[in-house]
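Coordinates as given in data19.tsv (TSV, C-alpha atoms and all ligand atoms):
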chain	number	residue	atom	x	y	z
F	414	MET	CA	0.79	-139.75	192.71
F	415	ARG	CA	0.33	-137.01	190.18
F	416	CYS	CA	2.70	-137.24	187.26
F	417	ALA	CA	3.67	-134.51	184.79
F	418	CYS	CA	2.53	-136.79	181.98
F	419	ALA	CA	-0.14	-134.29	180.91
F	420	GLY	CA	-2.95	-136.51	182.11
F	421	ARG	CA	-2.72	-139.50	179.82
F	422	ALA	CA	-5.00	-141.74	181.81
F	423	GLY	CA	-3.97	-145.36	181.53
F	424	THR	CA	-1.06	-144.81	179.18
F	425	CYS	CA	1.67	-143.41	181.40
F	426	PRO	CA	4.79	-145.58	181.09
F	427	ARG	CA	5.52	-144.94	184.74
F	428	ARG	CA	2.15	-146.28	185.83
F	429	VAL	CA	2.42	-148.91	188.57
F	430	GLY	CA	-0.73	-150.63	189.87
F	431	SER	CA	-3.36	-147.96	190.34
F	432	GLY	CA	-0.82	-145.19	190.78
F	433	CYS	CA	1.39	-143.22	188.48
F	434	LEU	CA	5.03	-143.00	189.51
F	435	GLY	CA	6.57	-139.60	188.88
F	436	PRO	CA	9.98	-139.54	187.21
F	437	VAL	CA	11.85	-138.97	190.47
F	438	ALA	CA	10.05	-141.79	192.27
F	439	ALA	CA	10.58	-144.03	189.26
F	440	ALA	CA	14.29	-143.28	189.27
F	441	MET	CA	14.56	-143.87	193.00
F	442	SER	CA	12.69	-147.16	192.73
F	443	GLY	CA	15.26	-148.34	190.17
F	444	LYS	CA	12.75	-148.33	187.30
F	445	SER	CA	13.90	-146.94	183.99
F	446	LEU	CA	12.80	-143.39	183.46
F	447	LEU	CA	11.06	-142.68	180.17
F	448	LEU	CA	10.34	-139.04	179.40
F	449	LYS	CA	8.32	-137.84	176.45
F	450	VAL	CA	9.29	-134.44	175.10
F	451	ILE	CA	7.52	-132.85	172.17
F	452	LEU	CA	8.85	-130.32	169.67
F	453	LEU	CA	6.30	-127.73	168.49
F	454	GLY	CA	6.69	-124.69	166.28
F	455	ASP	CA	6.06	-123.35	162.79
F	456	GLY	CA	6.93	-125.38	159.74
F	457	GLY	CA	10.57	-124.93	158.77
F	458	VAL	CA	11.97	-123.67	162.10
F	459	GLY	CA	14.15	-126.77	162.41
F	460	LYS	CA	12.34	-129.17	164.76
F	461	SER	CA	13.22	-132.29	162.76
F	462	SER	CA	16.76	-131.03	162.31
F	463	LEU	CA	17.18	-130.56	166.06
F	464	MET	CA	15.88	-134.06	166.79
F	465	ASN	CA	18.04	-135.63	164.09
F	466	ARG	CA	21.13	-133.72	165.14
F	467	TYR	CA	20.65	-134.85	168.74
F	468	VAL	CA	19.84	-138.50	168.07
F	469	THR	CA	21.84	-139.29	164.92
F	470	ASN	CA	24.30	-136.37	164.83
F	471	LYS	CA	23.32	-135.67	161.22
F	472	PHE	CA	22.09	-132.53	159.50
F	473	ASP	CA	20.25	-132.39	156.19
F	474	SER	CA	20.25	-128.99	154.50
F	475	GLN	CA	17.43	-130.16	152.20
F	476	ALA	CA	15.10	-131.64	154.85
F	477	PHE	CA	11.49	-132.38	153.87
F	478	HIS	CA	8.53	-131.06	155.82
F	479	THR	CA	7.27	-133.53	158.42
F	480	ILE	CA	3.82	-135.04	157.89
F	481	GLY	CA	2.09	-135.89	161.16
F	482	VAL	CA	4.61	-136.94	163.80
F	483	GLU	CA	7.78	-138.97	164.17
F	484	PHE	CA	9.69	-139.97	167.24
F	485	LEU	CA	13.20	-141.10	168.17
F	486	ASN	CA	14.65	-142.25	171.49
F	487	ARG	CA	17.96	-141.37	173.05
F	488	ASP	CA	19.38	-142.45	176.40
F	489	LEU	CA	21.17	-139.84	178.45
F	490	GLU	CA	22.37	-139.08	181.93
F	491	VAL	CA	21.42	-135.81	183.58
F	492	ASP	CA	22.75	-134.92	187.03
F	493	GLY	CA	23.40	-138.59	187.79
F	494	ARG	CA	19.99	-139.81	186.58
F	495	PHE	CA	19.61	-142.15	183.63
F	496	VAL	CA	16.80	-141.23	181.32
F	497	THR	CA	15.38	-142.46	178.04
F	498	LEU	CA	14.23	-139.42	176.17
F	499	GLN	CA	11.44	-140.08	173.71
F	500	ILE	CA	11.52	-137.09	171.37
F	501	TRP	CA	8.34	-136.44	169.39
F	502	ASP	CA	8.81	-134.30	166.32
F	503	THR	CA	5.62	-132.77	164.93
F	504	ALA	CA	4.56	-131.24	161.63
F	505	GLY	CA	4.45	-127.47	162.01
F	506	GLN	CA	2.42	-126.71	158.90
F	507	GLU	CA	-1.18	-125.74	159.64
F	508	ARG	CA	-2.60	-128.32	157.21
F	509	PHE	CA	-1.22	-131.13	159.41
F	510	LYS	CA	-2.84	-129.91	162.63
F	511	SER	CA	-5.29	-132.81	162.90
F	512	LEU	CA	-2.44	-135.29	162.41
F	513	ARG	CA	-0.21	-133.91	165.15
F	514	THR	CA	-2.54	-132.85	167.98
F	515	PRO	CA	-3.60	-136.39	169.07
F	516	PHE	CA	0.02	-137.01	170.07
F	517	TYR	CA	0.31	-134.17	172.58
F	518	ARG	CA	-1.19	-136.11	175.44
F	519	GLY	CA	1.32	-137.62	177.77
F	520	ALA	CA	4.13	-135.21	177.02
F	521	ASP	CA	6.33	-134.47	180.03
F	522	CYS	CA	7.86	-131.36	178.47
F	523	CYS	CA	7.11	-129.15	175.47
F	524	LEU	CA	9.89	-127.51	173.47
F	525	LEU	CA	8.40	-124.39	171.85
F	526	THR	CA	10.62	-123.72	168.86
F	527	PHE	CA	11.04	-120.74	166.56
F	528	SER	CA	13.71	-119.62	164.13
F	529	VAL	CA	15.64	-116.46	164.95
F	530	ASP	CA	15.54	-115.46	161.26
F	531	ASP	CA	11.74	-115.78	161.06
F	532	ARG	CA	9.81	-113.21	163.10
F	533	GLN	CA	6.42	-114.81	162.40
F	534	SER	CA	7.57	-118.08	163.94
F	535	PHE	CA	8.44	-116.16	167.12
F	536	GLU	CA	5.09	-114.36	167.17
F	537	ASN	CA	3.31	-117.70	166.83
F	538	LEU	CA	4.82	-119.12	170.04
F	539	SER	CA	1.74	-118.17	172.07
F	540	ASN	CA	-0.50	-120.05	169.63
F	541	TRP	CA	1.68	-123.14	169.92
F	542	GLN	CA	1.60	-122.94	173.68
F	543	LYS	CA	-2.21	-122.66	173.67
F	544	GLU	CA	-2.59	-125.50	171.19
F	545	PHE	CA	-0.42	-127.73	173.35
F	546	VAL	CA	-2.21	-126.92	176.60
F	547	TYR	CA	-5.60	-127.58	174.97
F	548	TYR	CA	-4.85	-130.83	173.16
F	549	ALA	CA	-2.56	-132.27	175.83
F	550	ASP	CA	-5.29	-131.42	178.34
F	551	VAL	CA	-2.74	-129.95	180.74
F	552	LYS	CA	-4.45	-129.49	184.09
F	553	ASP	CA	-1.95	-127.05	185.56
F	554	PRO	CA	-0.43	-125.00	182.69
F	555	GLU	CA	1.44	-122.67	185.05
F	556	ARG	CA	3.46	-125.55	186.39
F	557	PHE	CA	3.96	-127.42	183.14
F	558	PRO	CA	7.59	-127.48	181.93
F	559	PHE	CA	7.96	-125.52	178.69
F	560	VAL	CA	11.38	-124.75	177.21
F	561	VAL	CA	11.76	-122.21	174.40
F	562	LEU	CA	14.31	-122.73	171.61
F	563	GLY	CA	15.47	-120.04	169.18
F	564	ASN	CA	17.00	-122.10	166.38
F	565	LYS	CA	19.23	-121.21	163.38
F	566	ILE	CA	21.54	-118.89	165.28
F	567	ASP	CA	24.19	-119.65	162.66
F	568	LYS	CA	22.26	-117.37	160.29
F	569	LEU	CA	23.62	-113.85	160.04
F	570	GLU	CA	20.30	-112.09	159.40
F	571	ARG	CA	18.28	-112.22	162.60
F	572	GLN	CA	14.71	-111.01	162.96
F	573	VAL	CA	14.40	-111.76	166.69
F	574	SER	CA	16.96	-110.60	169.24
F	575	THR	CA	18.08	-112.64	172.22
F	576	GLU	CA	16.72	-109.99	174.59
F	577	GLU	CA	13.30	-110.01	172.96
F	578	ALA	CA	13.04	-113.78	173.18
F	579	GLN	CA	14.19	-113.76	176.80
F	580	ALA	CA	11.57	-111.13	177.61
F	581	TRP	CA	8.81	-113.26	176.05
F	582	CYS	CA	9.93	-116.25	178.12
F	583	MET	CA	9.99	-114.20	181.29
F	584	GLU	CA	6.50	-112.78	180.71
F	585	ASN	CA	4.87	-116.03	179.69
F	586	GLY	CA	5.93	-118.32	182.50
F	587	ASN	CA	9.60	-117.71	183.18
F	588	TYR	CA	10.58	-120.44	180.75
F	589	PRO	CA	14.20	-121.34	180.07
F	590	TYR	CA	15.40	-119.95	176.73
F	591	LEU	CA	18.14	-121.52	174.64
F	592	GLU	CA	19.56	-120.47	171.30
F	593	THR	CA	20.46	-123.40	169.09
F	594	SER	CA	21.79	-124.32	165.70
F	595	ALA	CA	20.99	-127.76	164.42
F	596	LYS	CA	23.32	-127.00	161.53
F	597	ASP	CA	26.37	-126.18	163.66
F	598	ASP	CA	25.34	-128.39	166.60
F	599	THR	CA	25.22	-125.44	168.96
F	600	ASN	CA	23.41	-126.02	172.27
F	601	VAL	CA	21.40	-128.95	170.89
F	602	ALA	CA	22.33	-131.42	173.63
F	603	VAL	CA	22.08	-128.63	176.20
F	604	ALA	CA	18.50	-127.96	175.09
F	605	PHE	CA	17.34	-131.55	175.53
F	606	GLU	CA	19.18	-131.85	178.86
F	607	GLU	CA	17.42	-128.70	180.02
F	608	ALA	CA	14.10	-130.29	179.14
F	609	VAL	CA	14.94	-133.24	181.38
F	610	ARG	CA	16.00	-130.92	184.20
F	611	GLN	CA	12.75	-129.00	183.95
F	612	VAL	CA	10.67	-132.18	184.20
F	613	LEU	CA	12.65	-133.47	187.15
F	614	ALA	CA	12.44	-130.12	188.93
F	615	VAL	CA	8.65	-130.01	188.64
F	616	GLU	CA	8.31	-133.59	189.79
F	617	GLU	CA	10.67	-133.08	192.72
F	618	GLN	CA	8.62	-130.11	193.81
F	619	LEU	CA	5.40	-132.12	193.61
F	620	GLU	CA	6.85	-135.06	195.48
F	621	HIS	CA	8.23	-132.73	198.13
F	622	CYS	CA	4.78	-131.22	198.54
F	623	MET	CA	3.11	-134.61	198.78
F	624	LEU	CA	5.64	-135.74	201.34
F	625	GLY	CA	4.86	-132.61	203.32
F	626	HIS	CA	1.17	-133.50	203.26
F	627	THR	CA	1.87	-137.07	204.30
F	628	ILE	CA	4.07	-136.55	207.31
F	629	ASP	CA	2.89	-133.20	208.63
F	630	LEU	CA	-0.09	-134.69	210.49
F	631	HIS	CA	-0.02	-132.24	213.37
F	632	SER	CA	0.39	-129.11	211.36
F	633	SER	CA	-1.98	-126.33	212.41
F	634	SER	CA	-2.09	-125.16	208.81
F	635	LYS	CA	-5.01	-126.51	206.77
F	636	SER	CA	-2.99	-126.86	203.58
F	637	GLY	CA	0.00	-128.48	205.25
F	638	SER	CA	2.39	-127.00	202.71
F	639	SER	CA	2.54	-123.71	200.95
F	640	CYS	CA	4.13	-124.99	197.76
F	641	CYS	CA	1.20	-126.88	196.22
S	701	LIG	N1	21.00	-122.56	158.73
S	701	LIG	C1	20.26	-123.43	159.40
S	701	LIG	N2	19.30	-124.14	158.78
S	701	LIG	C2	18.58	-125.02	159.50
S	701	LIG	C3	18.78	-125.22	160.89
S	701	LIG	N3	17.89	-126.12	161.33
S	701	LIG	C4	17.18	-126.49	160.25
S	701	LIG	N4	17.58	-125.83	159.16
S	701	LIG	C5	17.05	-125.95	157.79
S	701	LIG	O1	15.73	-125.42	157.80
S	701	LIG	C6	14.89	-126.20	156.96
S	701	LIG	C7	13.70	-126.72	157.74
S	701	LIG	O2	14.18	-127.60	158.75
S	701	LIG	P1	13.26	-128.75	159.36
S	701	LIG	O3	14.04	-129.40	160.44
S	701	LIG	O4	12.72	-129.62	158.31
S	701	LIG	O5	12.06	-127.87	159.96
S	701	LIG	P2	10.78	-128.39	160.75
S	701	LIG	O6	10.56	-127.45	161.88
S	701	LIG	O7	10.92	-129.81	161.09
S	701	LIG	O8	9.63	-128.18	159.67
S	701	LIG	P3	8.20	-128.98	159.58
S	701	LIG	O9	8.51	-130.43	159.55
S	701	LIG	O10	7.55	-128.51	158.32
S	701	LIG	O11	7.40	-128.60	160.77
S	701	LIG	C8	15.76	-127.32	156.35
S	701	LIG	O12	16.21	-126.91	155.09
S	701	LIG	C9	16.92	-127.40	157.33
S	701	LIG	O13	18.10	-127.84	156.70
S	701	LIG	C10	19.81	-124.47	161.53
S	701	LIG	O14	20.06	-124.55	162.73
S	701	LIG	N5	20.51	-123.58	160.74
S	702	MG	MG	9.91	-131.47	160.50
Take the structure in the file and give it back as structure tokens.
Amino acid sequence: MRCACAGRAGTCPRRVGSGCLGPVAAAMSGKSLLLKVILLGDGGVGKSSLMNRYVTNKFDSQAFHTIGVEFLNRDLEVDGRFVTLQIWDTAGQERFKSLRTPFYRGADCCLLTFSVDDRQSFENLSNWQKEFVYYADVKDPERFPFVVLGNKIDKLERQVSTEEAQAWCMENGNYPYLETSAKDDTNVAVAFEEAVRQVLAVEEQLEHCMLGHTIDLHSSSKSGSSCC
């Protein structure tokens, strides 16, 4: 079974025997569901702050730049499913590129993050998306679950409007868009829960398609299903 684990051959935590259990199948089989989500975006947009707010409920107004990557786990329940979210926080500064990119493989979801008070960080979203697709070796970018976060909405001086960010998301893959504040704890949990929902939705669609292929033996259609 194909898994949304961005093609990490041999390292998928859901791998069973020679196959790779998708999240939905893993959940249904009673196995614990481990999802890897990765935070990408320019240095200083608040990736580490979002992760730390979500996992430890703390905020540091003097946070240091991340070097390489760090990760933290948090268990959560989304729509009745129990999930362990493994959140990978990456260094956004260009000089750390070679330290972060080896960790993209295996991500189930990518959180593209910018700061609403930093226009350049918004304009760089496309570069982050491309970097992720390339280094994670995503086989089917159009189906991969991206979620876009506009952080620091507590700041009064905005350089990117909600409408503009929504338009970018619509044009680039109809991605969900959430506005967050790690400082005020606005929408932080909602953002990570949305990431889980996006992964599960993609996997459910894939499993539905595969089921269609399996049982529709007498279909006159060559493809068996129109959704894959
Ligand atoms: N006002 C405000 N400040 C924030 C928010 N999130 C983060 N910050 C501040 O922005 C600065 C950068 O935050 P970080 O979380 O370190 O940013 P980062 O994206 O991890 O940066 P790199 O590790 O360099 O990639 C810190 O001073 C944070 O305190 C927020 O929601 N609102
Ligand atoms: Mg950081």
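Relative to atom CA of Phe516 of chain F, atom C7 of ligand LIG 701 (chain S) is found at 21.1 Å.
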### Contacts with ligand LIG 701 (chain S) at most 8 Å, only C-alpha atoms and all ligand atoms counted, listed as an MDAnalysis selection string
chainID F and resid 453:463 472:480 502:506 526 564:568 593:598
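For the atom pair formed by atom CA of Tyr547 of chain F and atom CA of Cys523 of chain F, the distance is 12.8 Å, given to one decimal.
Closest to Val546 of chain F among F:Asp521, F:Glu607, F:Asp531, F:Glu620 is F:Asp521, based on only C-alpha atoms.
The space between atom CA of Ala578 of chain F and atom CA of Leu538 of chain F spans 10.3 Å.
Closest to ligand MG 702 (chain S) among F:Phe509, F:Phe495, F:Phe559, F:Phe605 is F:Phe509, based on all atoms listed in the file.
Residue nearest Thr469 of chain F within the list F:Leu448, F:Leu591, F:Ala580, F:Val601: F:Val601 [criterion: smallest interatomic distance, only C-alpha atoms].
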### Query
If I put a ball of radius 9 Å at (9.0, -141.9, 167.9) in the file's coordinates, which residues poke into it when counting all atoms listed in the file, written as a PyMOL selection string?
chain F and resi 482-486+499-502
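Distance check against Glu490 of chain F using all atoms listed in the file: of F:Arg556, F:Lys510, F:Arg610, F:Lys471, the minimum falls on F:Arg610.
Closest approach to Thr514 of chain F from the set F:Gly481, F:Gly563, F:Pro589, F:Pro558 is made by F:Gly481, with distances taken over all atoms listed in the file.
Ranking F:Thr497, F:Gln572, F:Asn537, F:Asn465 by their shortest atom-to-atom distance to ligand MG 702 (chain S), with all atoms listed in the file included, puts F:Asn465 first.
Near Ala604 of chain F, within 9 Å and counting all atoms listed in the file, sit Leu524, Val560, Val561, Leu562, Tyr590, Leu591, Glu592 and Thr593 of chain F, not including residues fewer than 6 positions from it in the same chain.
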